[in-house]
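With compact mmCIF, C-alpha atoms and all ligand atoms inside, this is entry.txt:
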# COMPACT_ATOMS: atom_id res chain seq x y z
CA ASN G 1 67.65 81.81 127.68
CA LYS G 2 67.06 80.03 124.38
CA GLY G 3 64.04 82.18 123.46
CA LYS G 4 62.20 80.65 120.52
CA TYR G 5 65.01 78.20 119.79
CA GLU G 6 65.35 74.58 120.84
CA HIS G 7 69.08 74.65 121.38
CA TYR G 8 71.77 77.22 122.13
CA MET G 9 73.75 76.27 119.04
CA GLN G 10 70.69 76.95 116.88
CA LYS G 11 70.09 80.27 118.62
CA GLU G 12 73.72 81.29 118.26
CA ILE G 13 73.78 80.41 114.54
CA HIS G 14 70.67 82.51 113.91
CA GLU G 15 71.97 85.36 116.07
CA GLN G 16 74.91 86.04 113.78
CA PRO G 17 73.49 89.07 111.95
CA GLU G 18 73.17 90.76 115.37
CA SER G 19 76.40 89.47 116.92
CA LEU G 20 78.36 90.72 113.89
CA LYS G 21 76.77 94.15 114.25
CA THR G 22 77.83 94.26 117.90
CA THR G 23 81.34 93.20 116.95
CA MET G 24 81.64 96.09 114.47
CA ARG G 25 79.77 98.70 116.53
CA GLY G 26 81.76 101.91 116.88
CA ARG G 27 84.72 100.42 115.02
CA LEU G 28 83.92 101.25 111.39
CA ILE G 29 84.31 104.87 110.32
CA ARG G 30 82.07 105.77 107.40
CA GLY G 31 84.34 108.53 106.19
CA GLY G 32 83.10 111.60 104.39
CA SER G 33 83.87 114.08 101.65
CA CYS G 34 87.52 114.51 102.62
CA LYS G 35 87.99 111.65 105.05
CA ALA G 36 88.64 108.05 104.02
CA LYS G 37 86.61 105.16 105.35
CA SER G 38 88.60 103.47 108.09
CA VAL G 39 88.60 101.20 111.09
CA LEU G 40 89.16 102.12 114.73
CA LEU G 41 90.20 99.40 117.14
CA GLY G 42 90.60 101.19 120.47
CA GLY G 43 92.51 98.29 122.01
CA ILE G 44 95.38 98.30 119.52
CA LYS G 45 95.58 101.79 118.10
CA ASP G 46 98.57 102.71 120.27
CA HIS G 47 100.41 99.55 119.19
CA LEU G 48 99.90 99.76 115.43
CA LYS G 49 103.34 101.28 114.79
CA THR G 50 105.04 98.42 116.62
CA ILE G 51 102.92 95.85 114.79
CA ARG G 52 103.73 97.40 111.40
CA ARG G 53 107.43 97.22 112.22
CA SER G 54 107.35 93.56 113.21
CA ARG G 55 109.16 90.98 111.08
CA ARG G 56 106.38 88.44 111.34
CA ILE G 57 102.86 88.05 112.67
CA VAL G 58 102.15 84.71 114.33
CA PHE G 59 98.55 83.58 114.84
CA ILE G 60 98.13 81.17 117.76
CA GLY G 61 94.97 79.33 118.83
CA CYS G 62 93.15 76.00 119.15
CA GLY G 63 90.12 74.48 117.44
CA THR G 64 87.66 76.94 115.95
CA SER G 65 89.75 79.93 117.01
CA TYR G 66 92.69 78.59 115.01
CA ASN G 67 90.40 78.16 112.00
CA ALA G 68 89.16 81.75 112.31
CA ALA G 69 92.75 82.99 112.25
CA LEU G 70 93.45 80.82 109.20
CA ALA G 71 90.46 82.43 107.45
CA ALA G 72 91.88 85.90 108.12
CA ARG G 73 95.47 85.09 107.22
CA PRO G 74 95.27 85.92 103.48
CA ILE G 75 93.82 89.40 104.00
CA LEU G 76 96.26 90.17 106.79
CA GLU G 77 99.18 89.19 104.55
CA GLU G 78 97.75 91.20 101.67
CA LEU G 79 97.09 94.41 103.59
CA SER G 80 100.09 94.35 105.92
CA GLY G 81 102.75 92.90 103.61
CA ILE G 82 104.10 91.12 106.70
CA PRO G 83 104.56 87.31 106.66
CA VAL G 84 101.83 85.66 108.72
CA THR G 85 102.44 82.20 110.15
CA MET G 86 99.99 79.88 111.90
CA GLU G 87 100.55 77.98 115.14
CA ILE G 88 98.32 75.50 116.92
CA ALA G 89 99.02 76.51 120.51
CA SER G 90 99.95 73.05 121.82
CA ASP G 91 102.25 72.39 118.88
CA LEU G 92 104.15 75.65 119.38
CA VAL G 93 104.70 74.71 123.00
CA ASP G 94 105.64 71.10 122.17
CA ARG G 95 108.26 72.27 119.67
CA GLN G 96 109.35 75.30 121.67
CA GLY G 97 109.29 76.92 118.21
CA PRO G 98 111.31 80.10 117.70
CA ILE G 99 109.53 83.29 118.75
CA TYR G 100 111.48 86.57 118.64
CA ARG G 101 111.26 90.07 120.05
CA GLU G 102 110.53 91.33 116.52
CA ASP G 103 107.42 89.12 116.29
CA THR G 104 103.82 90.12 116.86
CA THR G 105 102.00 87.12 118.30
CA VAL G 106 98.21 87.13 118.14
CA PHE G 107 96.35 84.88 120.58
CA VAL G 108 92.86 83.99 119.43
CA SER G 109 90.54 82.46 121.99
CA GLN G 110 86.79 82.76 122.46
CA SER G 111 86.93 81.94 126.18
CA GLY G 112 90.32 83.50 126.82
CA GLU G 113 91.00 80.62 129.21
CA THR G 114 92.18 77.71 127.03
CA ALA G 115 95.16 76.12 128.80
CA ASP G 116 97.15 75.39 125.62
CA THR G 117 96.75 78.95 124.36
CA LEU G 118 97.67 80.38 127.76
CA GLN G 119 100.81 78.30 127.88
CA ALA G 120 101.79 79.51 124.43
CA LEU G 121 101.15 83.08 125.63
CA GLU G 122 103.44 82.59 128.60
CA TYR G 123 106.09 81.26 126.24
CA ALA G 124 105.76 84.21 123.82
CA LEU G 125 105.95 86.68 126.72
CA GLU G 126 109.16 85.03 127.95
CA ASN G 127 110.59 85.40 124.44
CA GLY G 128 109.84 89.11 124.32
CA ALA G 129 107.27 89.17 121.49
CA LEU G 130 104.45 91.71 121.37
CA CYS G 131 101.40 89.73 122.52
CA VAL G 132 97.99 90.70 121.16
CA GLY G 133 94.76 89.04 122.36
CA ILE G 134 91.55 88.48 120.43
CA THR G 135 88.92 87.21 122.80
CA ASN G 136 85.23 87.23 123.56
CA THR G 137 85.66 87.36 127.32
CA VAL G 138 86.44 90.61 129.11
CA GLY G 139 88.63 89.96 132.14
CA SER G 140 89.75 86.52 130.90
CA ALA G 141 93.34 85.36 131.34
CA ILE G 142 94.17 86.14 127.67
CA ALA G 143 92.65 89.62 127.95
CA ARG G 144 94.59 90.28 131.16
CA ASN G 145 97.95 88.88 130.19
CA THR G 146 98.36 90.19 126.64
CA HIS G 147 99.94 93.61 125.99
CA CYS G 148 96.90 94.76 124.06
CA GLY G 149 94.04 93.29 122.09
CA VAL G 150 90.51 93.40 120.80
CA HIS G 151 87.36 92.05 122.42
CA ILE G 152 85.15 90.49 119.78
CA ASN G 153 81.95 91.44 121.66
CA ALA G 154 79.93 88.57 120.15
CA GLY G 155 77.92 88.08 123.35
CA CYS G 156 77.97 85.02 125.55
CA GLU G 157 78.29 81.76 123.63
CA ILE G 158 76.90 78.70 125.38
CA GLY G 159 76.89 75.90 122.78
CA VAL G 160 80.16 73.98 123.04
CA ALA G 161 80.55 74.16 119.26
CA SER G 162 81.58 77.73 118.50
CA THR G 163 79.51 79.45 115.81
CA LYS G 164 78.89 83.17 116.33
CA ALA G 165 82.28 83.63 117.97
CA TYR G 166 83.92 82.17 114.83
CA THR G 167 82.34 84.70 112.47
CA SER G 168 83.02 87.59 114.87
CA GLN G 169 86.65 86.52 115.23
CA ILE G 170 87.09 86.58 111.44
CA VAL G 171 85.54 90.04 111.27
CA VAL G 172 87.81 91.34 114.03
CA MET G 173 90.88 89.95 112.31
CA ALA G 174 89.78 91.48 108.99
CA MET G 175 89.44 94.79 110.85
CA LEU G 176 92.90 94.22 112.33
CA ALA G 177 94.26 93.80 108.78
CA LEU G 178 92.51 97.02 107.73
CA ALA G 179 93.96 98.90 110.71
CA ILE G 180 97.51 97.65 110.10
CA GLY G 181 97.29 98.47 106.38
CA ASP G 182 95.77 101.89 107.02
CA ASP G 183 99.00 103.77 106.20
CA THR G 184 99.29 102.30 102.69
CA ILE G 185 97.83 104.51 100.00
CA SER G 186 98.04 101.94 97.21
CA SER G 187 95.52 99.65 98.93
CA GLN G 188 93.04 102.34 99.92
CA ALA G 189 90.38 101.41 97.34
CA ARG G 190 90.62 97.77 98.36
CA ARG G 191 90.29 98.69 102.05
CA GLU G 192 87.27 100.87 101.37
CA ALA G 193 85.61 98.05 99.41
CA ILE G 194 86.16 95.72 102.37
CA ILE G 195 84.75 98.30 104.79
CA ASP G 196 81.66 98.63 102.58
CA GLY G 197 81.47 94.84 102.62
CA LEU G 198 81.61 94.83 106.42
CA PHE G 199 78.72 97.31 106.65
CA ASP G 200 76.72 95.02 104.39
CA LEU G 201 77.71 91.73 105.99
CA PRO G 202 74.93 91.32 108.64
CA LYS G 203 72.32 91.66 105.87
CA LYS G 204 74.07 89.01 103.77
CA VAL G 205 74.30 86.66 106.76
CA LYS G 206 70.57 87.08 107.25
CA GLU G 207 70.12 86.09 103.63
CA VAL G 208 72.27 82.97 103.88
CA LEU G 209 70.40 81.88 107.02
CA LYS G 210 67.37 81.35 104.77
CA LEU G 211 69.07 78.13 103.68
CA ASP G 212 68.02 76.57 106.99
CA GLN G 213 65.36 74.23 105.54
CA GLU G 214 67.58 73.34 102.60
CA MET G 215 70.35 72.32 105.01
CA LYS G 216 67.87 70.30 107.04
CA ASP G 217 66.89 68.41 103.87
CA LEU G 218 70.55 67.82 103.07
CA ALA G 219 71.14 66.57 106.63
CA GLN G 220 68.30 64.11 106.14
CA LEU G 221 70.12 62.71 103.11
CA LEU G 222 73.39 62.41 105.00
CA ILE G 223 71.97 61.10 108.26
CA ALA G 224 73.38 57.58 107.98
CA GLU G 225 76.74 58.40 106.40
CA GLN G 226 80.01 57.42 108.05
CA SER G 227 82.06 60.26 106.70
CA LEU G 228 81.98 63.64 104.95
CA LEU G 229 84.84 65.42 103.17
CA VAL G 230 84.95 69.20 102.73
CA PHE G 231 87.23 70.71 100.06
CA GLY G 232 88.23 74.36 100.08
CA ARG G 233 91.17 76.57 99.15
CA GLY G 234 92.36 80.17 99.40
CA TYR G 235 90.06 82.22 101.62
CA ASN G 236 87.92 79.13 102.11
CA TYR G 237 90.53 76.60 103.17
CA ALA G 238 89.55 77.59 106.71
CA THR G 239 85.86 77.11 105.84
CA ALA G 240 86.62 73.51 104.88
CA LEU G 241 88.43 72.85 108.17
CA GLU G 242 85.80 74.60 110.26
CA GLY G 243 82.83 73.00 108.45
CA ALA G 244 84.37 69.57 109.01
CA LEU G 245 85.13 70.39 112.66
CA LYS G 246 81.47 71.35 113.26
CA VAL G 247 80.21 68.08 111.74
CA LYS G 248 82.75 66.07 113.69
CA GLU G 249 82.25 67.69 117.08
CA VAL G 250 78.46 67.81 117.25
CA ALA G 251 77.10 65.28 114.73
CA LEU G 252 79.75 62.73 115.80
CA MET G 253 80.41 61.90 112.15
CA HIS G 254 83.90 61.56 110.77
CA SER G 255 84.61 64.61 108.68
CA GLU G 256 87.76 66.02 107.19
CA GLY G 257 88.49 69.45 105.81
CA ILE G 258 90.86 69.22 102.87
CA LEU G 259 92.93 71.85 101.11
CA ALA G 260 91.77 71.34 97.52
CA GLY G 261 95.28 71.95 96.23
CA GLU G 262 96.30 68.73 97.99
CA MET G 263 93.55 66.64 96.41
CA LYS G 264 95.84 64.72 94.08
CA HIS G 265 98.34 64.07 96.83
CA GLY G 266 96.22 61.55 98.72
CA PRO G 267 92.54 62.42 99.26
CA LEU G 268 91.61 61.51 95.67
CA ALA G 269 92.11 57.86 96.59
CA LEU G 270 89.04 58.06 98.85
CA VAL G 271 86.67 59.25 96.12
CA ASP G 272 83.96 56.85 94.96
CA GLU G 273 80.22 57.01 94.24
CA THR G 274 79.24 56.68 97.90
CA LEU G 275 81.35 59.14 99.93
CA PRO G 276 79.69 62.59 100.15
CA ILE G 277 82.00 65.51 99.37
CA VAL G 278 81.30 69.19 99.87
CA VAL G 279 83.29 71.44 97.51
CA ILE G 280 83.40 75.15 98.25
CA ALA G 281 83.58 76.96 94.91
CA THR G 282 82.34 80.50 95.43
CA ARG G 283 83.69 83.26 93.19
CA ASP G 284 87.19 84.44 93.98
CA ALA G 285 90.68 84.20 92.49
CA CYS G 286 90.65 80.41 93.00
CA PHE G 287 87.31 79.80 91.26
CA SER G 288 88.65 78.28 88.03
CA LYS G 289 90.93 75.97 90.01
CA GLN G 290 87.93 74.78 92.00
CA GLN G 291 85.98 74.23 88.77
CA SER G 292 88.71 71.88 87.64
CA VAL G 293 88.67 70.11 91.04
CA ILE G 294 84.93 69.56 90.56
CA GLN G 295 85.51 68.13 87.08
CA GLN G 296 88.13 65.73 88.39
CA LEU G 297 85.84 64.61 91.20
CA HIS G 298 83.01 64.13 88.69
CA ALA G 299 85.31 62.04 86.52
CA ARG G 300 85.75 59.71 89.51
CA LYS G 301 81.98 59.63 90.11
CA GLY G 302 82.28 61.61 93.34
CA ARG G 303 79.05 62.33 95.20
CA LEU G 304 79.25 66.11 95.14
CA ILE G 305 77.61 68.89 97.08
CA VAL G 306 78.91 72.15 95.65
CA MET G 307 78.72 75.47 97.46
CA CYS G 308 78.74 78.24 94.87
CA THR G 309 77.84 81.88 94.37
CA LYS G 310 74.17 82.60 93.64
CA GLY G 311 73.49 82.12 89.95
CA ASP G 312 76.52 79.88 89.37
CA ALA G 313 74.78 76.49 89.74
CA ALA G 314 74.92 75.72 86.03
CA SER G 315 78.57 76.66 85.63
CA VAL G 316 79.82 74.62 88.61
CA CYS G 317 77.85 71.50 87.82
CA VAL G 318 78.64 70.80 84.18
CA GLY G 319 78.58 67.21 83.06
CA GLY G 320 77.41 65.62 86.27
CA SER G 321 74.67 65.51 88.82
CA CYS G 322 75.42 67.33 92.01
CA ARG G 323 73.60 69.08 94.79
CA VAL G 324 74.18 72.81 94.96
CA ILE G 325 74.19 75.25 97.87
CA GLU G 326 73.94 78.79 96.49
CA VAL G 327 75.18 81.59 98.73
CA PRO G 328 75.24 85.39 98.40
CA GLN G 329 78.49 86.94 97.23
CA VAL G 330 80.45 89.34 99.42
CA GLU G 331 83.98 90.78 99.26
CA ASP G 332 86.32 87.77 98.77
CA CYS G 333 88.06 88.05 102.16
CA LEU G 334 84.68 88.17 103.95
CA GLN G 335 83.21 85.23 102.04
CA PRO G 336 84.31 82.73 104.76
CA VAL G 337 81.83 84.44 107.12
CA ILE G 338 78.98 83.65 104.70
CA ASN G 339 80.17 80.22 103.61
CA ILE G 340 80.47 78.73 107.08
CA VAL G 341 76.80 79.44 107.88
CA PRO G 342 75.24 76.65 105.73
CA LEU G 343 77.79 74.22 107.17
CA GLN G 344 76.92 75.27 110.72
CA LEU G 345 73.26 74.66 109.88
CA LEU G 346 74.10 71.30 108.32
CA ALA G 347 76.06 70.20 111.40
CA TYR G 348 73.23 71.36 113.66
CA HIS G 349 70.49 69.51 111.77
CA LEU G 350 72.58 66.38 111.33
CA THR G 351 73.09 66.26 115.09
CA VAL G 352 69.42 66.69 115.92
CA LEU G 353 68.37 64.13 113.31
CA ARG G 354 70.95 61.64 114.58
CA GLY G 355 69.64 62.17 118.10
CA TYR G 356 72.81 63.50 119.71
CA ASN G 357 73.32 66.26 122.25
CA VAL G 358 73.84 69.47 120.26
CA ASP G 359 74.90 71.84 122.98
CA GLN G 360 77.10 69.48 124.95
CA PRO G 361 78.69 66.98 122.61
CA ARG G 362 80.06 63.75 124.00
CA ASN G 363 83.50 64.11 125.67
CA LEU G 364 83.93 67.82 124.86
CA ALA G 365 84.07 70.93 127.03
CA LYS G 366 83.40 74.55 126.08
CA SER G 367 86.61 75.70 127.60
CA VAL G 368 89.52 73.31 128.04
CA THR G 369 91.37 74.70 131.03
CA THR G 370 93.57 71.68 131.72
CA GLN G 371 96.23 70.05 129.61
C1 LIG H 1 86.48 100.00 124.96
C2 LIG H 1 85.53 99.46 126.05
C3 LIG H 1 84.09 99.57 125.55
C4 LIG H 1 83.79 101.01 125.18
C5 LIG H 1 84.81 101.54 124.17
C6 LIG H 1 84.60 103.02 123.98
C7 LIG H 1 86.06 97.64 127.60
C8 LIG H 1 86.32 96.18 127.81
N1 LIG H 1 85.82 98.08 126.36
O1 LIG H 1 86.33 99.18 123.78
O2 LIG H 1 83.20 99.12 126.58
O3 LIG H 1 82.49 101.08 124.59
O4 LIG H 1 86.14 101.35 124.68
O5 LIG H 1 85.58 103.59 123.24
O6 LIG H 1 86.05 98.37 128.56
N2 LIG H 1 92.73 93.97 125.58
C9 LIG H 1 93.87 93.21 125.80
N3 LIG H 1 93.83 91.90 125.42
C10 LIG H 1 92.75 91.33 124.83
C11 LIG H 1 91.61 92.11 124.59
C12 LIG H 1 91.63 93.44 124.98
O7 LIG H 1 94.87 93.67 126.35
O8 LIG H 1 92.81 90.12 124.52
C13 LIG H 1 92.74 95.39 126.04
C14 LIG H 1 92.81 96.38 124.89
O9 LIG H 1 94.13 96.63 124.49
C15 LIG H 1 92.14 97.59 125.51
C16 LIG H 1 91.09 96.97 126.44
O10 LIG H 1 91.51 95.65 126.68
O11 LIG H 1 93.06 98.31 126.28
C17 LIG H 1 89.71 97.00 125.87
O12 LIG H 1 89.68 96.36 124.59
P1 LIG H 1 88.40 96.53 123.63
O13 LIG H 1 87.19 96.24 124.43
O14 LIG H 1 88.61 95.74 122.40
O15 LIG H 1 88.53 98.09 123.33
P2 LIG H 1 87.48 99.09 122.69
O16 LIG H 1 86.86 98.51 121.49
O17 LIG H 1 88.20 100.38 122.58
C1 LIG H 2 87.43 73.67 122.98
C2 LIG H 2 86.06 73.89 122.38
O1 LIG H 2 88.04 72.55 122.43
O2 LIG H 2 88.26 74.81 122.80
C3 LIG H 2 86.17 74.37 120.93
O3 LIG H 2 85.32 72.68 122.45
C4 LIG H 2 87.04 75.60 120.86
O4 LIG H 2 84.87 74.68 120.44
C5 LIG H 2 88.43 75.34 121.49
O5 LIG H 2 87.21 76.00 119.52
C6 LIG H 2 89.21 76.64 121.65
O6 LIG H 2 88.53 77.47 122.57
P1 LIG H 2 88.82 78.99 122.77
O7 LIG H 2 87.95 79.40 123.93
O8 LIG H 2 90.28 79.11 123.09
O9 LIG H 2 88.47 79.67 121.50
Output the file's structure in the form of structure tokens.
Amino acid sequence: NKGKYEHYMQKEIHEQPESLKTTMRGRLIRGGSCKAKSVLLGGIKDHLKTIRRSRRIVFIGCGTSYNAALAARPILEELSGIPVTMEIASDLVDRQGPIYREDTTVFVSQSGETADTLQALEYALENGALCVGITNTVGSAIARNTHCGVHINAGCEIGVASTKAYTSQIVVMAMLALAIGDDTISSQARREAIIDGLFDLPKKVKEVLKLDQEMKDLAQLLIAEQSLLVFGRGYNYATALEGALKVKEVALMHSEGILAGEMKHGPLALVDETLPIVVIATRDACFSKQQSVIQQLHARKGRLIVMCTKGDAASVCVGGSCRVIEVPQVEDCLQPVINIVPLQLLAYHLTVLRGYNVDQPRNLAKSVTTQ
């Protein structure tokens, strides 16, 4: 049932304040006078000791699920102190990459039925790794065949392009990082700040959804473009990849997410006064680096659309004309949850304006169960 919405993708984008609440329900502990704020993930609590002892954590997934894991990687590394590596499921299987008994492998899949991810799971099980699932589907093959895991509880997602599952996956993996790091006293203040940020997140998502009309206007401007680049780094490298994936899969427009640190090593050659470029430059440790990326793109007359923190428009757009998308600020590691929302809205409106099928894009399936 689409309710008041025209399409499932639209409904699922606007549902995110609620789906995130459901994802966190019963899992955040408010703490008290003598008890610290903490996280309780029932599905992994008995495995935390093993996870903390592992030599490496390996995230494995496809498409949007891979991007969600990439968004959570920095906070997992920070709070666990364990190296975290990323694997696209099919590539791990193609390479028969080394997986060891001392590894914790984390399988991220909305449907829990993606053939590539399942094959990688089979491979990791054969190699004796601890296999953890993160899925939206109770009773799915990933949920059944992993040793333990966390259901993201985002509610049924019907649009082929994943939206609310993406933000819920990031939140679950941030909670996973908090749970793994829970025995480290030195990071307690940081963990508590993130937990406060999680409590506040649905409200902030509601706020960023108010950009709907603004994103529709931007889509109108971009309607006839051939291509769109999205630059991000740090916590928002994943946002760049995921924003570009949304535009590509539903609006059928070529789009590429680019790690801003790689700009000079190739992508800069594409910049001219016609190609639209989204630069994600919200406040975090990488902000000044992104400011210099913007300046370099300006110097080459790039057609810029800058996503920045509310109130920062003047400081990100010095010396050039650019369009600005201002978003509310949250804890740095949760910022990808906010920043993807305007890009989801942009992809949605671009698709509708271009007259394509939003919920069932050409040639794609919600769950790819064959190889
Ligand atoms: C569970 C209940 C939830 C109940 C809550 C009360 C289920 C599905 N969930 O939620 O209804 O409100 O207790 O405390 O009954 N698992 C995997 N692989 C995966 C995902 C999950 O093995 O990919 C396993 C977990 O290790 C766990 C079980 O499935 O044993 C349920 O996981 P999850 O729903 O995340 O656990 P809770 O949040 O504790
Ligand atoms: C398909 C979908 O390719 O599978 C994508 O079209 C999705 O939207 C990908 O991200 C992975 O799916 P899952 O269910 O494993 O998260």
Worksheet item: Using all atoms listed in the file, which of G:Arg73, G:Lys164, G:His298, G:Arg27 sits nearest ligand LIG 2 (chain H)?
Response: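 Smallest separation from ligand LIG 2 (chain H) among the options: G:Lys164.
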Practice prompt. Could you jot down the atom CA of G:Ile258 to atom CA of G:Asp312 separation for me, Å, one decimal place?
Written response: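 Atom CA of G:Asp312 lies 22.4 Å from atom CA of G:Ile258.
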Discussion item. For stretch 45-53 of chain G, find every residue with an atom within 7 Å (counting only C-alpha atoms), except residues of its own chain fewer than 2 positions away, and show them as a VMD selection string.
Written reply: chain G and resid 41 to 43 55 104 180
Discussion item. Distance limit 9 Å, reference ligand LIG 2 (chain H), atoms considered: only C-alpha atoms and all ligand atoms. Which residues make the cut? Give them as a ChimeraX atom specification.
Written reply: /G:61-67,107-118,135-137,159-163,165-166,245-246,249,361,364-369
For ligand LIG 1 (chain H), I'd like the enclosing box, axis-aligned and padded by 5 Å on every side, reported as lines of an AutoDock Vina configuration file with centre and edge lengths in Å to one decimal.
center_x = 88.7
center_y = 96.9
center_z = 125.0
size_x = 22.4
size_y = 23.5
size_z = 17.1
Worksheet item: Which one is closest to G:Leu304: G:Asn127, G:Gln329, G:Thr274, G:Gln188? Count only C-alpha atoms.
Response: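 Counting only C-alpha atoms, the residue closest to G:Leu304 is G:Thr274.
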Discussion item. Under the rule that all atoms listed in the file are counted, which of G:Leu28, G:His349, G:Ile44, G:Glu214 is the nearest residue to G:Val150?
Written reply: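 Selected residue with least distance to G:Val150: G:Ile44.
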Worksheet item: Of the candidates G:Gly149, G:Gly181, G:Gly155, G:Pro328, which one gets nearest to ligand LIG 1 (chain H) if we count all atoms listed in the file?
Response: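 Result for the nearest residue to ligand LIG 1 (chain H): G:Gly149.
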Worksheet entry | Nearest residue to ligand LIG 1 (chain H) from the set G:Lys21, G:Asn145, G:Ala174, G:Leu346 (distances using all atoms listed in the file) | G:Asn145
Worksheet item: From the set G:Ala124, G:Val138, G:Ala36, G:Gly31, which residue has the shortest atom-to-atom contact distance to ligand LIG 1 (chain H), counting all atoms listed in the file?
Response: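 That would be G:Val138, the residue with the smallest distance to ligand LIG 1 (chain H).
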Worksheet item: Do you know which residues lie at most 12 Å from (89.5, 58.0, 96.9), with coordinates as in the file and all atoms listed in the file counted, and could you write them as an NGL selection string?
Response: :G and (229 or 263-277 or 296-297 or 299-303)
Taking C-alpha atoms for each residue, export the selection above as a compact mmCIF listing (two decimals), in the frame of the given file.
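Wrote it out as selection.txt, contents follow:
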# COMPACT_ATOMS: atom_id res chain seq x y z
CA LEU G 229 84.84 65.42 103.17
CA MET G 263 93.55 66.64 96.41
CA LYS G 264 95.84 64.72 94.08
CA HIS G 265 98.34 64.07 96.83
CA GLY G 266 96.22 61.55 98.72
CA PRO G 267 92.54 62.42 99.26
CA LEU G 268 91.61 61.51 95.67
CA ALA G 269 92.11 57.86 96.59
CA LEU G 270 89.04 58.06 98.85
CA VAL G 271 86.67 59.25 96.12
CA ASP G 272 83.96 56.85 94.96
CA GLU G 273 80.22 57.01 94.24
CA THR G 274 79.24 56.68 97.90
CA LEU G 275 81.35 59.14 99.93
CA PRO G 276 79.69 62.59 100.15
CA ILE G 277 82.00 65.51 99.37
CA GLN G 296 88.13 65.73 88.39
CA LEU G 297 85.84 64.61 91.20
CA ALA G 299 85.31 62.04 86.52
CA ARG G 300 85.75 59.71 89.51
CA LYS G 301 81.98 59.63 90.11
CA GLY G 302 82.28 61.61 93.34
CA ARG G 303 79.05 62.33 95.20
Item to complete: Report the distance between atom CA of G:Ser19 and atom CA of G:Val172 in Å, rounded to one decimal place.
Response: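 The value is 11.9 Å.
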Discussion item. I want to know what sits within 12 Å of G:Ala260, based on all atoms listed in the file, with residues of the same chain fewer than 2 positions away left out; could you give that as a ChimeraX atom specification?
Written reply: /G:229-241,256-258,262-268,277-281,286-287,289-294,296-297
Please save C-alpha atoms of the selected residues as a tab-separated table (two decimals), in the coordinates of the input.
chain	number	residue	atom	x	y	z
G	229	LEU	CA	84.84	65.42	103.17
G	230	VAL	CA	84.95	69.20	102.73
G	231	PHE	CA	87.23	70.71	100.06
G	232	GLY	CA	88.23	74.36	100.08
G	233	ARG	CA	91.17	76.57	99.15
G	234	GLY	CA	92.36	80.17	99.40
G	235	TYR	CA	90.06	82.22	101.62
G	236	ASN	CA	87.92	79.13	102.11
G	237	TYR	CA	90.53	76.60	103.17
G	238	ALA	CA	89.55	77.59	106.71
G	239	THR	CA	85.86	77.11	105.84
G	240	ALA	CA	86.62	73.51	104.88
G	241	LEU	CA	88.43	72.85	108.17
G	256	GLU	CA	87.76	66.02	107.19
G	257	GLY	CA	88.49	69.45	105.81
G	258	ILE	CA	90.86	69.22	102.87
G	262	GLU	CA	96.30	68.73	97.99
G	263	MET	CA	93.55	66.64	96.41
G	264	LYS	CA	95.84	64.72	94.08
G	265	HIS	CA	98.34	64.07	96.83
G	266	GLY	CA	96.22	61.55	98.72
G	267	PRO	CA	92.54	62.42	99.26
G	268	LEU	CA	91.61	61.51	95.67
G	277	ILE	CA	82.00	65.51	99.37
G	278	VAL	CA	81.30	69.19	99.87
G	279	VAL	CA	83.29	71.44	97.51
G	280	ILE	CA	83.40	75.15	98.25
G	281	ALA	CA	83.58	76.96	94.91
G	286	CYS	CA	90.65	80.41	93.00
G	287	PHE	CA	87.31	79.80	91.26
G	289	LYS	CA	90.93	75.97	90.01
G	290	GLN	CA	87.93	74.78	92.00
G	291	GLN	CA	85.98	74.23	88.77
G	292	SER	CA	88.71	71.88	87.64
G	293	VAL	CA	88.67	70.11	91.04
G	294	ILE	CA	84.93	69.56	90.56
G	296	GLN	CA	88.13	65.73	88.39
G	297	LEU	CA	85.84	64.61	91.20
Worksheet item: Do you have the atom CA of G:Ile57-atom CA of G:Ala179 distance handy?
Response: 14.2 Å
Fill in: Residues within 12 Å of (94.1, 93.8, 105.8), file coords, all atoms listed in the file, listed as JSON, numbers by chain
{"G": [38, 39, 52, 72, 73, 74, 75, 76, 77, 78, 79, 80, 81, 82, 84, 170, 171, 172, 173, 174, 175, 176, 177, 178, 179, 180, 181, 182, 183, 184, 187, 188, 189, 190, 191, 192, 193, 194, 195, 333, 334]}
File output for stretch 252-256 of chain G (N, CA, C and O atoms) as a compact mmCIF listing (two decimals), in the first residue's frame:
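Output contents, as saved in decode_27.txt:
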# COMPACT_ATOMS: atom_id res chain seq x y z
N LEU G 252 18.30 6.35 -14.82
CA LEU G 252 18.97 5.88 -16.04
C LEU G 252 19.89 6.95 -16.61
O LEU G 252 19.95 7.16 -17.82
N MET G 253 20.61 7.62 -15.71
CA MET G 253 21.57 8.64 -16.13
C MET G 253 22.94 8.16 -15.67
O MET G 253 23.08 7.66 -14.55
N HIS G 254 23.95 8.31 -16.53
CA HIS G 254 25.27 7.91 -16.08
C HIS G 254 25.67 8.74 -14.87
O HIS G 254 25.55 9.97 -14.87
N SER G 255 26.14 8.08 -13.85
CA SER G 255 26.57 8.81 -12.67
C SER G 255 27.69 8.04 -11.99
O SER G 255 27.67 6.81 -11.95
N GLU G 256 28.66 8.78 -11.47
CA GLU G 256 29.81 8.12 -10.89
C GLU G 256 30.12 8.74 -9.54
O GLU G 256 30.21 9.97 -9.42
